[in-house]
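Colleague: What follows is start37.cif, mmCIF, C-alpha atoms.
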data_start
#
loop_
_atom_site.label_atom_id
_atom_site.label_comp_id
_atom_site.auth_asym_id
_atom_site.auth_seq_id
_atom_site.Cartn_x
_atom_site.Cartn_y
_atom_site.Cartn_z
CA MET A 22 -16.45 -14.94 -4.05
CA LYS A 23 -12.92 -15.59 -2.82
CA GLY A 24 -12.38 -16.13 0.89
CA ASN A 25 -9.89 -14.11 2.92
CA VAL A 26 -7.88 -16.35 5.23
CA PHE A 27 -6.80 -13.38 7.38
CA SER A 28 -10.39 -12.49 8.22
CA THR A 29 -10.95 -15.87 9.90
CA ARG A 30 -10.59 -16.41 13.66
CA TRP A 31 -7.11 -17.95 13.20
CA GLY A 32 -6.17 -15.22 10.76
CA ILE A 33 -6.84 -12.43 13.22
CA ILE A 34 -5.08 -14.36 16.01
CA LEU A 35 -2.06 -14.80 13.75
CA VAL A 36 -1.98 -11.06 13.00
CA GLY A 37 -2.33 -10.09 16.68
CA ALA A 38 0.45 -12.54 17.54
CA SER A 39 2.69 -11.13 14.78
CA ILE A 40 2.30 -7.61 16.19
CA GLY A 41 2.96 -9.12 19.63
CA VAL A 42 6.30 -10.42 18.35
CA MET A 43 7.33 -7.37 16.34
CA ALA A 44 6.59 -4.66 18.91
CA PRO A 45 8.86 -5.99 21.71
CA LEU A 46 11.54 -6.72 19.08
CA LEU A 47 11.36 -3.12 17.82
CA GLN A 48 11.84 -2.05 21.44
CA LYS A 49 14.86 -4.36 21.73
CA LEU A 50 16.25 -2.83 18.52
CA GLY A 51 15.96 0.72 19.81
CA ASN A 52 12.36 1.94 20.10
CA PRO A 53 11.25 3.40 23.48
CA ALA A 54 10.29 1.08 26.34
CA ASN A 55 6.81 -0.49 26.15
CA MET A 56 6.49 1.57 22.97
CA GLY A 57 7.73 -0.82 20.31
CA ILE A 58 4.65 0.39 18.50
CA CYS A 59 2.29 3.13 19.63
CA VAL A 60 0.22 4.84 16.98
CA ALA A 61 -0.55 7.89 19.14
CA CYS A 62 3.03 8.35 20.40
CA MET A 63 4.50 7.81 16.96
CA GLU A 64 2.14 10.31 15.31
CA ARG A 65 3.00 12.71 18.14
CA ASP A 66 6.70 12.20 17.32
CA ILE A 67 5.96 12.90 13.64
CA ALA A 68 4.16 16.12 14.61
CA GLY A 69 7.33 17.06 16.52
CA ALA A 70 9.65 16.05 13.67
CA VAL A 71 7.97 18.50 11.31
CA GLY A 72 7.92 21.20 13.98
CA PHE A 73 4.18 21.32 14.72
CA HIS A 74 5.24 21.23 18.38
CA ARG A 75 8.63 21.89 19.94
CA ALA A 76 8.68 19.36 22.79
CA ALA A 77 12.34 18.47 22.27
CA VAL A 78 12.07 14.94 23.71
CA VAL A 79 9.40 13.70 21.30
CA GLN A 80 10.52 14.60 17.80
CA TYR A 81 11.19 11.82 15.31
CA LEU A 82 9.65 11.02 11.95
CA ARG A 83 8.62 7.46 12.83
CA PRO A 84 8.91 5.23 9.75
CA GLU A 85 6.51 2.67 11.28
CA ILE A 86 3.51 4.99 10.75
CA LEU A 87 4.48 5.67 7.13
CA GLY A 88 4.83 1.91 6.67
CA PHE A 89 1.38 1.26 8.14
CA VAL A 90 -0.33 3.46 5.55
CA LEU A 91 1.88 2.43 2.62
CA GLY A 92 1.66 -1.29 3.51
CA ALA A 93 -2.13 -1.10 3.74
CA PHE A 94 -2.16 0.84 0.45
CA LEU A 95 -0.08 -1.80 -1.37
CA SER A 96 -2.17 -4.60 0.11
CA ALA A 97 -5.41 -2.86 -0.88
CA LEU A 98 -4.10 -2.42 -4.43
CA ALA A 99 -2.95 -6.04 -4.67
CA PHE A 100 -6.27 -7.42 -3.44
CA ARG A 101 -8.43 -4.94 -5.37
CA GLU A 102 -9.69 -3.33 -2.18
CA PHE A 103 -8.45 0.20 -2.88
CA ARG A 104 -11.72 2.18 -2.83
CA PRO A 105 -11.39 5.96 -2.74
CA ARG A 106 -14.22 7.18 -0.54
CA GLY A 107 -15.03 10.01 1.88
CA GLY A 108 -17.27 12.93 2.64
CA SER A 109 -18.87 11.77 5.88
CA ALA A 110 -18.76 14.71 8.31
CA PRO A 111 -15.08 15.60 7.81
CA VAL A 112 -14.81 18.31 10.48
CA ALA A 113 -16.47 16.09 13.10
CA ARG A 114 -14.01 13.31 12.24
CA PHE A 115 -11.07 15.72 12.35
CA LEU A 116 -12.11 16.92 15.81
CA LEU A 117 -12.67 13.35 17.00
CA GLY A 118 -9.05 12.73 15.91
CA VAL A 119 -7.89 15.75 17.93
CA CYS A 120 -9.87 14.59 21.01
CA ALA A 121 -8.60 11.01 20.64
CA MET A 122 -5.00 12.19 20.59
CA VAL A 123 -5.42 14.55 23.54
CA GLY A 124 -7.02 11.74 25.57
CA ALA A 125 -4.34 9.26 24.55
CA LEU A 126 -1.60 11.71 25.56
CA VAL A 127 -3.14 12.22 28.99
CA PHE A 128 -2.76 8.44 29.46
CA LEU A 129 0.45 8.28 27.35
CA GLY A 130 -0.43 5.75 24.71
CA CYS A 131 -2.92 4.45 22.18
CA PRO A 132 -4.80 1.15 22.72
CA TRP A 133 -1.89 -0.75 21.13
CA ARG A 134 0.52 0.76 23.63
CA ALA A 135 -1.91 0.15 26.48
CA LEU A 136 -1.74 -3.55 25.59
CA LEU A 137 2.04 -3.41 25.18
CA ARG A 138 2.44 -1.59 28.51
CA LEU A 139 0.41 -4.34 30.15
CA ALA A 140 2.58 -6.96 28.43
CA GLY A 141 5.64 -5.15 29.79
CA GLY A 142 4.30 -5.29 33.36
CA ASP A 143 3.06 -1.70 33.65
CA GLY A 144 0.05 -1.90 36.00
CA ASN A 145 -1.05 1.63 35.11
CA ALA A 146 -2.13 0.20 31.75
CA ILE A 147 -4.99 -1.57 33.56
CA LEU A 148 -6.53 1.83 34.38
CA GLY A 149 -6.03 2.96 30.79
CA LEU A 150 -7.64 -0.19 29.40
CA ALA A 151 -10.54 0.13 31.83
CA GLY A 152 -11.02 3.73 30.65
CA LEU A 153 -10.78 2.62 27.02
CA GLY A 154 -13.43 -0.03 27.57
CA THR A 155 -15.70 2.46 29.34
CA GLY A 156 -15.33 5.02 26.55
CA ILE A 157 -16.12 2.41 23.91
CA TRP A 158 -19.12 1.23 25.97
CA ILE A 159 -20.46 4.80 25.97
CA GLY A 160 -19.88 4.80 22.21
CA THR A 161 -22.00 1.63 21.81
CA LEU A 162 -24.86 3.39 23.64
CA PHE A 163 -24.73 6.12 21.00
CA PHE A 164 -24.79 3.52 18.22
CA LYS A 165 -27.78 1.80 19.84
CA GLY A 166 -29.48 5.19 19.89
CA GLY A 167 -28.98 5.60 16.14
CA TYR A 168 -25.73 7.57 16.06
CA SER A 169 -24.32 8.07 12.57
CA LEU A 170 -22.04 10.61 10.93
CA GLY A 171 -23.76 9.86 7.62
CA ARG A 172 -22.66 8.00 4.53
CA SER A 173 -19.39 8.37 2.70
CA ASN A 174 -19.40 8.57 -1.09
CA ALA A 175 -17.10 7.28 -3.79
CA GLN A 176 -14.28 9.73 -4.55
CA SER A 177 -11.81 10.05 -7.40
CA VAL A 178 -8.72 7.85 -7.45
CA SER A 179 -6.47 10.88 -6.92
CA VAL A 180 -8.34 11.84 -3.75
CA GLY A 181 -7.91 8.31 -2.41
CA LEU A 182 -4.20 8.48 -3.18
CA LEU A 183 -3.60 11.69 -1.21
CA LEU A 184 -2.78 10.22 2.20
CA PRO A 185 -0.54 7.45 0.84
CA ILE A 186 1.23 10.13 -1.24
CA LEU A 187 1.61 12.35 1.85
CA MET A 188 3.18 9.44 3.75
CA GLY A 189 5.45 8.72 0.77
CA GLY A 190 6.48 12.38 0.81
CA LEU A 191 7.35 12.20 4.51
CA LEU A 192 9.47 9.12 3.77
CA VAL A 193 11.33 11.10 1.10
CA LEU A 194 11.99 13.85 3.69
CA ARG A 195 13.31 11.24 6.13
CA ILE A 196 15.72 9.98 3.45
CA ILE A 197 16.83 13.46 2.27
CA TYR A 198 17.30 14.73 5.84
CA PRO A 199 18.61 11.78 7.90
CA PRO A 200 19.46 12.25 11.59
CA VAL A 201 22.89 13.75 12.24
CA GLU A 202 24.75 12.58 15.37
CA GLY A 203 24.39 15.18 18.14
CA GLN A 204 22.30 17.61 16.04
CA PRO A 205 18.71 18.53 17.07
CA SER A 206 17.70 19.02 13.44
CA SER A 207 18.57 17.98 9.92
CA GLY A 208 17.25 20.10 7.07
CA ILE A 209 13.63 20.84 7.95
CA LEU A 210 13.23 17.87 10.30
CA PHE A 211 13.68 17.91 14.07
CA TYR A 212 15.37 15.01 15.85
CA SER A 213 15.25 14.47 19.62
CA LEU A 214 18.66 14.06 21.25
CA GLN A 215 17.20 12.58 24.43
CA GLY A 216 13.96 11.12 25.75
CA PRO A 217 11.65 8.75 23.90
CA GLY A 218 12.11 10.66 20.61
CA ALA A 219 15.79 9.71 20.60
CA ALA A 220 15.02 6.00 21.03
CA LYS A 221 14.64 4.48 17.61
CA ALA A 222 15.14 1.21 15.77
CA PRO A 223 17.10 1.41 12.48
CA LEU A 224 15.18 3.01 9.58
CA LEU A 225 14.87 -0.07 7.37
CA ILE A 226 13.76 -2.30 10.24
CA SER A 227 11.14 0.25 11.40
CA LEU A 228 9.88 0.77 7.87
CA GLY A 229 9.88 -2.96 7.08
CA ALA A 230 7.94 -3.78 10.25
CA GLY A 231 5.50 -0.97 9.47
CA LEU A 232 4.92 -2.22 5.92
CA LEU A 233 4.45 -5.82 7.07
CA ILE A 234 1.99 -4.82 9.80
CA GLY A 235 0.21 -2.54 7.32
CA ILE A 236 -0.30 -5.45 4.93
CA LEU A 237 -1.37 -7.94 7.64
CA ALA A 238 -3.71 -5.47 9.33
CA GLN A 239 -5.31 -4.40 6.04
CA ARG A 240 -6.05 -8.04 5.22
CA SER A 241 -7.31 -8.94 8.70
CA ARG A 242 -9.10 -5.63 9.55
CA PHE A 243 -7.28 -5.72 12.92
CA CYS A 244 -8.85 -3.11 15.22
CA THR A 245 -8.44 -2.76 18.98
CA MET A 246 -11.46 -0.48 19.42
CA GLY A 247 -13.53 -2.80 17.26
CA GLY A 248 -12.46 -5.77 19.39
CA ILE A 249 -13.94 -4.27 22.54
CA ARG A 250 -16.93 -2.70 20.72
CA ASP A 251 -18.00 -5.93 19.00
CA LEU A 252 -17.70 -7.81 22.27
CA ILE A 253 -20.00 -5.32 24.02
CA LEU A 254 -22.39 -4.74 21.12
CA PHE A 255 -22.65 -8.19 19.51
CA ARG A 256 -21.00 -10.59 22.02
CA GLN A 257 -18.61 -11.31 19.18
CA TRP A 258 -15.04 -12.39 20.02
CA HIS A 259 -13.52 -12.19 16.55
CA LEU A 260 -11.44 -8.97 16.72
CA PHE A 261 -10.98 -9.27 20.49
CA SER A 262 -9.18 -12.59 20.02
CA GLY A 263 -6.55 -10.71 17.99
CA MET A 264 -6.01 -8.33 20.91
CA ILE A 265 -5.62 -11.21 23.37
CA ALA A 266 -3.09 -12.84 21.03
CA LEU A 267 -1.17 -9.55 20.88
CA VAL A 268 -0.93 -9.10 24.63
CA VAL A 269 -0.13 -12.75 25.44
CA VAL A 270 2.55 -13.08 22.76
CA ALA A 271 4.08 -9.67 23.59
CA TRP A 272 4.21 -10.71 27.26
CA VAL A 273 6.02 -13.97 26.41
CA VAL A 274 8.48 -12.16 24.11
CA ASN A 275 9.08 -9.49 26.80
CA LEU A 276 9.80 -12.24 29.36
CA THR A 277 12.23 -13.86 26.95
CA LEU A 278 14.02 -10.56 26.20
CA GLY A 279 14.13 -9.45 29.85
CA GLN A 280 11.71 -6.59 29.14
CA PHE A 281 9.01 -7.58 31.67
CA HIS A 282 9.09 -5.42 34.82
CA PRO A 283 5.84 -5.70 36.84
CA GLY A 284 4.68 -2.78 38.98
CA PHE A 285 3.00 0.63 39.01
CA GLU A 286 5.81 3.02 39.94
CA LYS A 287 8.66 4.17 37.69
CA GLN A 288 7.26 2.51 34.59
CA PRO A 289 8.77 3.83 31.34
CA VAL A 290 7.02 6.83 29.75
CA ALA A 291 4.07 6.46 32.14
CA HIS A 292 2.57 8.10 35.23
CA SER A 293 0.52 6.70 38.10
CA GLN A 294 -2.32 9.21 38.35
CA HIS A 295 -4.97 6.52 38.11
CA ILE A 296 -8.00 8.75 37.65
CA TRP A 297 -6.41 10.56 34.72
CA ASN A 298 -5.06 7.39 33.14
CA PHE A 299 -8.65 6.14 33.22
CA ALA A 300 -10.25 9.41 32.10
CA GLY A 301 -7.77 10.10 29.29
CA MET A 302 -8.40 6.73 27.71
CA LEU A 303 -12.14 7.03 28.28
CA VAL A 304 -12.11 10.10 26.02
CA ALA A 305 -9.88 8.35 23.48
CA GLY A 306 -12.07 5.22 23.49
CA LEU A 307 -15.24 7.25 22.94
CA ALA A 308 -13.60 9.23 20.11
CA PHE A 309 -12.34 6.04 18.41
CA ALA A 310 -15.79 4.44 18.73
CA LEU A 311 -17.61 7.47 17.31
CA ALA A 312 -15.12 7.61 14.41
CA GLY A 313 -15.34 3.88 13.70
CA GLY A 314 -11.81 2.66 14.35
CA CYS A 315 -8.77 2.63 16.63
CA PRO A 316 -5.87 4.84 15.50
CA GLY A 317 -4.11 1.92 13.83
CA ARG A 318 -7.23 0.93 11.92
CA GLN A 319 -7.72 4.55 10.81
CA LEU A 320 -4.22 4.45 9.26
CA PHE A 321 -4.97 1.18 7.45
CA MET A 322 -8.32 2.46 6.16
CA ALA A 323 -6.60 5.65 5.02
CA GLY A 324 -4.26 3.40 3.01
CA GLU A 325 -7.32 1.80 1.39
CA GLY A 326 -8.37 5.23 0.10
CA ASP A 327 -10.74 6.16 2.94
CA ASN A 328 -10.57 9.94 3.30
CA ASP A 329 -12.77 9.92 6.40
CA ALA A 330 -10.08 7.86 8.11
CA GLY A 331 -7.43 10.11 6.57
CA ILE A 332 -8.96 13.24 8.10
CA PHE A 333 -9.09 11.48 11.50
CA VAL A 334 -5.35 10.70 11.17
CA LEU A 335 -4.60 14.36 10.35
CA GLY A 336 -6.74 15.35 13.33
CA MET A 337 -4.64 13.13 15.57
CA ILE A 338 -1.39 14.67 14.31
CA VAL A 339 -2.73 18.19 14.86
CA GLY A 340 -4.11 17.03 18.23
CA ALA A 341 -0.59 16.02 19.25
CA ALA A 342 0.66 19.50 18.43
CA VAL A 343 -2.21 21.06 20.41
CA ALA A 344 -1.51 18.73 23.34
CA HIS A 345 2.18 19.64 23.54
CA ASN A 346 1.86 23.33 22.68
CA PHE A 347 -0.77 24.00 25.35
CA GLY A 348 0.40 21.78 28.20
CA LEU A 349 -2.33 19.15 27.81
CA ALA A 350 -0.06 16.12 27.44
CA SER A 351 1.18 14.14 30.42
CA SER A 352 4.79 13.25 31.18
CA PRO A 353 6.34 10.70 33.58
CA GLN A 354 5.93 13.43 36.25
CA GLY A 355 2.14 13.35 35.83
CA ILE A 356 -0.57 15.12 33.89
CA GLY A 357 0.12 18.39 32.10
CA ALA A 358 -0.68 21.86 33.51
CA HIS A 359 -3.98 21.89 31.62
CA GLY A 360 -4.54 18.15 31.44
CA VAL A 361 -7.72 18.22 33.53
CA THR A 362 -9.28 20.96 31.39
CA ALA A 363 -8.26 19.02 28.30
CA VAL A 364 -10.10 15.90 29.46
CA VAL A 365 -13.25 17.91 30.27
CA VAL A 366 -13.26 19.82 26.97
CA THR A 367 -12.50 16.81 24.76
CA LEU A 368 -15.11 14.69 26.55
CA ALA A 369 -17.68 17.46 26.08
CA THR A 370 -16.74 17.69 22.38
CA CYS A 371 -17.21 13.93 21.88
CA LEU A 372 -20.54 13.96 23.73
CA PHE A 373 -21.72 16.93 21.66
CA ILE A 374 -20.86 15.10 18.42
CA GLY A 375 -22.53 11.96 19.77
CA PHE A 376 -25.79 13.52 20.96
CA THR A 377 -26.25 15.78 17.96
CA ASN A 378 -25.89 12.92 15.46
CA LEU A 379 -28.54 10.55 16.78
CA LYS A 380 -30.45 10.11 13.53
CA ARG A 381 -33.30 7.97 14.78
CA ALA A 382 -33.89 9.69 18.09
CA MET B 18 -36.62 -11.11 -5.09
CA ALA B 19 -35.61 -10.77 -1.44
CA ASP B 20 -38.23 -9.99 1.23
CA LYS B 21 -36.29 -6.86 2.13
CA THR B 22 -33.26 -4.88 0.93
CA ILE B 23 -30.95 -2.86 3.17
CA ASP B 24 -28.58 -0.29 1.71
CA ALA B 25 -25.58 -0.08 4.06
CA ARG B 26 -23.23 1.47 1.50
CA GLY B 27 -21.02 4.25 2.79
CA LEU B 28 -21.80 3.56 6.45
CA SER B 29 -18.81 3.09 8.75
CA CYS B 30 -18.38 0.29 11.30
CA PRO B 31 -20.42 -1.00 13.11
CA GLN B 32 -23.51 0.46 11.40
CA PRO B 33 -23.88 -2.11 8.56
CA VAL B 34 -23.82 -4.99 11.05
CA LEU B 35 -26.18 -3.18 13.45
CA LEU B 36 -28.69 -2.60 10.63
CA VAL B 37 -28.50 -6.22 9.50
CA MET B 38 -28.82 -7.60 13.05
CA GLU B 39 -31.82 -5.37 13.74
CA ASN B 40 -33.58 -6.48 10.56
CA MET B 41 -32.79 -10.16 11.04
CA LYS B 42 -34.29 -10.00 14.53
CA LYS B 43 -37.39 -8.18 13.28
CA MET B 44 -37.92 -10.59 10.40
CA GLY B 45 -37.14 -13.82 12.26
CA ARG B 46 -36.80 -15.65 8.96
CA GLY B 47 -36.98 -15.03 5.23
CA SER B 48 -34.56 -13.46 2.79
CA LEU B 49 -32.65 -10.23 3.27
CA GLU B 50 -30.58 -8.50 0.61
CA VAL B 51 -27.75 -6.28 1.88
CA LEU B 52 -25.76 -3.76 -0.16
CA VAL B 53 -22.31 -2.79 1.17
CA ASP B 54 -19.41 -0.90 -0.39
CA THR B 55 -16.31 -2.46 1.19
CA SER B 56 -15.02 -6.00 1.58
CA THR B 57 -14.68 -5.34 5.33
CA SER B 58 -18.43 -4.73 5.59
CA ARG B 59 -19.09 -7.77 3.40
CA GLU B 60 -17.08 -9.99 5.76
CA ASN B 61 -18.59 -8.42 8.88
CA VAL B 62 -22.17 -8.82 7.63
CA ALA B 63 -21.57 -12.44 6.59
CA ARG B 64 -19.94 -13.24 9.96
CA ALA B 65 -22.78 -11.66 11.95
CA ALA B 66 -25.45 -13.38 9.86
CA THR B 67 -23.85 -16.80 10.30
CA MET B 68 -23.63 -16.18 14.04
CA GLU B 69 -27.39 -15.50 14.12
CA GLY B 70 -28.19 -18.71 12.26
CA TRP B 71 -28.75 -17.14 8.84
CA ARG B 72 -27.18 -18.47 5.65
CA VAL B 73 -25.20 -16.43 3.11
CA SER B 74 -26.83 -17.83 -0.02
CA LYS B 75 -25.38 -15.46 -2.62
CA GLU B 76 -22.66 -12.84 -2.86
CA GLU B 77 -22.00 -10.82 -5.97
CA GLN B 78 -19.75 -7.90 -6.82
CA THR B 79 -21.48 -4.80 -8.16
CA ASP B 80 -20.17 -1.50 -9.53
CA GLN B 81 -20.42 0.08 -6.09
CA GLY B 82 -19.46 -2.84 -3.86
CA TYR B 83 -21.22 -6.06 -2.99
CA LYS B 84 -24.72 -7.50 -2.90
CA ILE B 85 -25.22 -10.18 -0.24
CA LEU B 86 -28.30 -12.39 0.03
CA LEU B 87 -29.01 -13.73 3.52
CA GLU B 88 -31.64 -16.40 4.13
CA LYS B 89 -33.16 -18.25 7.03
CA GLU B 90 -35.87 -20.91 6.73
CA ALA B 91 -38.54 -21.44 9.36
#
Go ahead and express the file in the form of structure tokens.
Modeller:
Amino acid sequence: MKGNVFSTRWGIILVGASIGVMAPLLQKLGNPANMGICVACMERDIAGAVGFHRAAVVQYLRPEILGFVLGAFLSALAFREFRPRGGSAPVARFLLGVCAMVGALVFLGCPWRALLRLAGGDGNAILGLAGLGTGIWIGTLFFKGGYSLGRSNAQSVSVGLLLPILMGGLLVLRIIYPPVEGQPSSGILFYSLQGPGAAKAPLLISLGAGLLIGILAQRSRFCTMGGIRDLILFRQWHLFSGMIALVVVAWVVNLTLGQFHPGFEKQPVAHSQHIWNFAGMLVAGLAFALAGGCPGRQLFMAGEGDNDAGIFVLGMIVGAAVAHNFGLASSPQGIGAHGVTAVVVTLATCLFIGFTNLKRA
Amino acid sequence: MADKTIDARGLSCPQPVLLVMENMKKMGRGSLEVLVDTSTSRENVARAATMEGWRVSKEEQTDQGYKILLEKEA
């Protein structure tokens, strides 16, 4: 059986380091600050671009996300790892995606962005990462208690192709309806004129970086939730070493590019309500753990034909719309009008899914 | 014939590794056959087994994924 060089310790470190180089560079080339890559924020921007929510500052059809899925899809095809599968508790996985996104938007970032915020000097990321770790730790307790959403089954090739096709379709929309200078929309797509949604690297660079990361991450199985989970559950450093590589390399690149600004106050697209930074990411971490992957990993698995990951991704996109339509998402001014309720309800949802799926209890 | 067979097909991370770890601990030694459906699970199971001092003595591709034989002598 052929070995996979990317799944070795050095392979995963190389992939983490590559993301650590590309994310700050994407920021330098136009993406929002400490948000060179953020799966949650970018899916939220996509939800805005197609009008699922009308928060005018976060609407842009981020090519990076499309690249993640399509890159992973191409890589899976090339290495004969495209395996259409699905059917494991789809509604539970969809709702876990919604909860994960709501939690991430209370903090303002996915685990990747939490690491990138730290690498950019944002101290608030420490609270988010602590919350993430705590949420994942709670998730490991469920797994130790026999938690399972049940088995997935093989599906038809066409079913496995659906999410890659959807992402390809969004790319076509982005090409047919490109941004128009000074216009808040183009065809059916919305484009932010200010705020983080207006900060964007050029299309081909964003797409190219997305494709490259999609390929590398598919090969290496890079997963930020898995890194923390495996460390807690198995004392295994494999995936975690990729995360360390990401944060260290991104920090060095930020220093080099003048993008490192240490402190807690006035950090870009961030707030300093410590309890809610912690609690938001706790919910997200628990949801990622119960669903079996961080939001990036869910995109890569969706590219491999995994419909259970695909439904989680769709849940996250819908979750972003819910978060912005109902005042659940935070802003640099602090948590949203219903942010506290959102944390309580999403945490309760995750715990309900966790407790009611303990198969060996 | 392996002493025991575990079917971890269709289970998402980290369940295949948890199942294998649990069984390796219970058995202490012997031979354990594991069925998985993705190359990610195959790599994860092999990595965990090696960490616990077991040997991956055979890996073969099947219609529905992979069959891995893990062994540990006394």
Colleague: Residues of chain A within 8 Å of chain B, using all atoms listed in the file, as number ranges by chain?
Modeller: A: 22, 28, 102, 104, 164, 169, 171-174, 242, 313-314
Colleague: Kindly resolve the PyMOL selection byres ((chain A and resi 280-293) around 10) on the present coordinates and return the residues as a compact mmCIF listing (two decimals) with C-alpha atoms, in the frame of the given file.
Modeller:
# COMPACT_ATOMS: atom_id res chain seq x y z
CA PRO A 45 8.86 -5.99 21.71
CA GLN A 48 11.84 -2.05 21.44
CA LYS A 49 14.86 -4.36 21.73
CA PRO A 53 11.25 3.40 23.48
CA ALA A 54 10.29 1.08 26.34
CA ASN A 55 6.81 -0.49 26.15
CA MET A 56 6.49 1.57 22.97
CA VAL A 127 -3.14 12.22 28.99
CA PHE A 128 -2.76 8.44 29.46
CA LEU A 129 0.45 8.28 27.35
CA GLY A 130 -0.43 5.75 24.71
CA ARG A 138 2.44 -1.59 28.51
CA LEU A 139 0.41 -4.34 30.15
CA ALA A 140 2.58 -6.96 28.43
CA GLY A 141 5.64 -5.15 29.79
CA GLY A 142 4.30 -5.29 33.36
CA ASP A 143 3.06 -1.70 33.65
CA GLY A 144 0.05 -1.90 36.00
CA ASN A 145 -1.05 1.63 35.11
CA ALA A 146 -2.13 0.20 31.75
CA ILE A 147 -4.99 -1.57 33.56
CA LEU A 148 -6.53 1.83 34.38
CA GLY A 216 13.96 11.12 25.75
CA PRO A 217 11.65 8.75 23.90
CA ALA A 271 4.08 -9.67 23.59
CA TRP A 272 4.21 -10.71 27.26
CA VAL A 273 6.02 -13.97 26.41
CA VAL A 274 8.48 -12.16 24.11
CA ASN A 275 9.08 -9.49 26.80
CA LEU A 276 9.80 -12.24 29.36
CA THR A 277 12.23 -13.86 26.95
CA LEU A 278 14.02 -10.56 26.20
CA GLY A 279 14.13 -9.45 29.85
CA GLN A 294 -2.32 9.21 38.35
CA HIS A 295 -4.97 6.52 38.11
CA ILE A 296 -8.00 8.75 37.65
CA TRP A 297 -6.41 10.56 34.72
CA ASN A 298 -5.06 7.39 33.14
CA SER A 351 1.18 14.14 30.42
CA SER A 352 4.79 13.25 31.18
CA PRO A 353 6.34 10.70 33.58
CA GLN A 354 5.93 13.43 36.25
CA GLY A 355 2.14 13.35 35.83
CA ILE A 356 -0.57 15.12 33.89
Colleague: Give me the result of the PyMOL selection byres ((chain A and resi 208) around 12) on this file, residue by residue, as a PyMOL selection string.
Modeller: chain A and resi 70-72+194-201+204-207+209-212
Colleague: Would you mind reading off the distance between atom CA of Ser213 of chain A and atom CA of Val193 of chain A, one decimal, in Å?
Modeller: 19.2 Å
Colleague: Translate the PyMOL selection byres ((chain A and resi 329) around 10) into a concrete residue list for this structure, as a ChimeraX atom specification.
Modeller: /A:106-115,173,312-313,319,322-323,326-328,330-334 /B:29
Colleague: Using the selection just defined, write its residues with C-alpha atoms as a short mmCIF file (atom, residue, chain, number, x, y, z; two decimals), keeping the file's coordinate frame.
Modeller:
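This went into selection.cif:
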data_model
loop_
_atom_site.label_atom_id
_atom_site.label_comp_id
_atom_site.auth_asym_id
_atom_site.auth_seq_id
_atom_site.Cartn_x
_atom_site.Cartn_y
_atom_site.Cartn_z
CA ARG A 106 -14.22 7.18 -0.54
CA GLY A 107 -15.03 10.01 1.88
CA GLY A 108 -17.27 12.93 2.64
CA SER A 109 -18.87 11.77 5.88
CA ALA A 110 -18.76 14.71 8.31
CA PRO A 111 -15.08 15.60 7.81
CA VAL A 112 -14.81 18.31 10.48
CA ALA A 113 -16.47 16.09 13.10
CA ARG A 114 -14.01 13.31 12.24
CA PHE A 115 -11.07 15.72 12.35
CA SER A 173 -19.39 8.37 2.70
CA ALA A 312 -15.12 7.61 14.41
CA GLY A 313 -15.34 3.88 13.70
CA GLN A 319 -7.72 4.55 10.81
CA MET A 322 -8.32 2.46 6.16
CA ALA A 323 -6.60 5.65 5.02
CA GLY A 326 -8.37 5.23 0.10
CA ASP A 327 -10.74 6.16 2.94
CA ASN A 328 -10.57 9.94 3.30
CA ALA A 330 -10.08 7.86 8.11
CA GLY A 331 -7.43 10.11 6.57
CA ILE A 332 -8.96 13.24 8.10
CA PHE A 333 -9.09 11.48 11.50
CA VAL A 334 -5.35 10.70 11.17
CA SER B 29 -18.81 3.09 8.75
#
Colleague: Pick out the closest residue to Asn346 of chain A from this set: A:Ala358, A:Leu254, A:Leu307, A:Ala125. Count all atoms listed in the file.
Modeller: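 The answer is A:Ala358, which sits nearest to Asn346 of chain A.
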Colleague: Quick one, how far is atom CA of Leu162 of chain A from atom CA of Ile253 of chain A?
Modeller: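 Separating atom CA of Leu162 of chain A from atom CA of Ile253 of chain A is a distance of 10.0 Å.
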Colleague: Mind pulling up the distance from atom CA of Trp158 of chain A to atom CA of Glu64 of chain A?
Modeller: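 Interatomic distance, atom CA of Glu64 of chain A to atom CA of Trp158 of chain A: 25.5 Å.
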Colleague: When you look at Met264 of chain A with a cut-off of 10 Å (counting all atoms listed in the file), what residues show up, excluding the ones that are within fewer than 2 positions of it in the same chain? I need them as a ChimeraX atom specification.
Modeller: /A:33-34,36-38,40-41,132-133,136,243-246,248-249,258-262,266-270
Colleague: Counting all atoms listed in the file, find residues at most 12 Å from (-27.2, 14.8, 14.1) (file frame) and give them as a list in words.
Modeller: Ala110, Ala113, Phe163, Gly166, Gly167, Tyr168, Ser169, Leu170, Gly171, Leu372, Phe373, Ile374, Gly375, Phe376, Thr377, Asn378, Leu379, Lys380, Arg381 and Ala382 of chain A
Colleague: Which protein, DNA or RNA residues are at most 7 Å from (-32.8, -6.4, 7.3) in the file's coordinates when you count all atoms listed in the file, listed as a VMD selection string?
Modeller: chain B and resid 21 to 23 36 to 37 39 to 41 49
Colleague: Near Arg46 of chain B, within 8 Å and counting only C-alpha atoms, which residues show up once chain neighbours fewer than 2 positions away are dropped, as a list in words?
Modeller: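 Counting only C-alpha atoms, the residues come to Met41, Met44, Ser48, Glu88, Lys89, Glu90 and Ala91 of chain B.
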Colleague: A:Leu91, A:Cys120, A:Leu225, A:Leu252: which is nearest Ile186 of chain A, counting only C-alpha atoms?
Modeller: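 Between A:Leu91, A:Cys120, A:Leu225, A:Leu252, the residue approaching Ile186 of chain A most closely is A:Leu91.
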Colleague: Pick the closest to Leu82 of chain A from A:Cys315, A:Ala61, A:Leu191, A:Ala341: which is it, counting only C-alpha atoms?
Modeller: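 Using only C-alpha atoms, Leu82 of chain A sits closest to A:Leu191.
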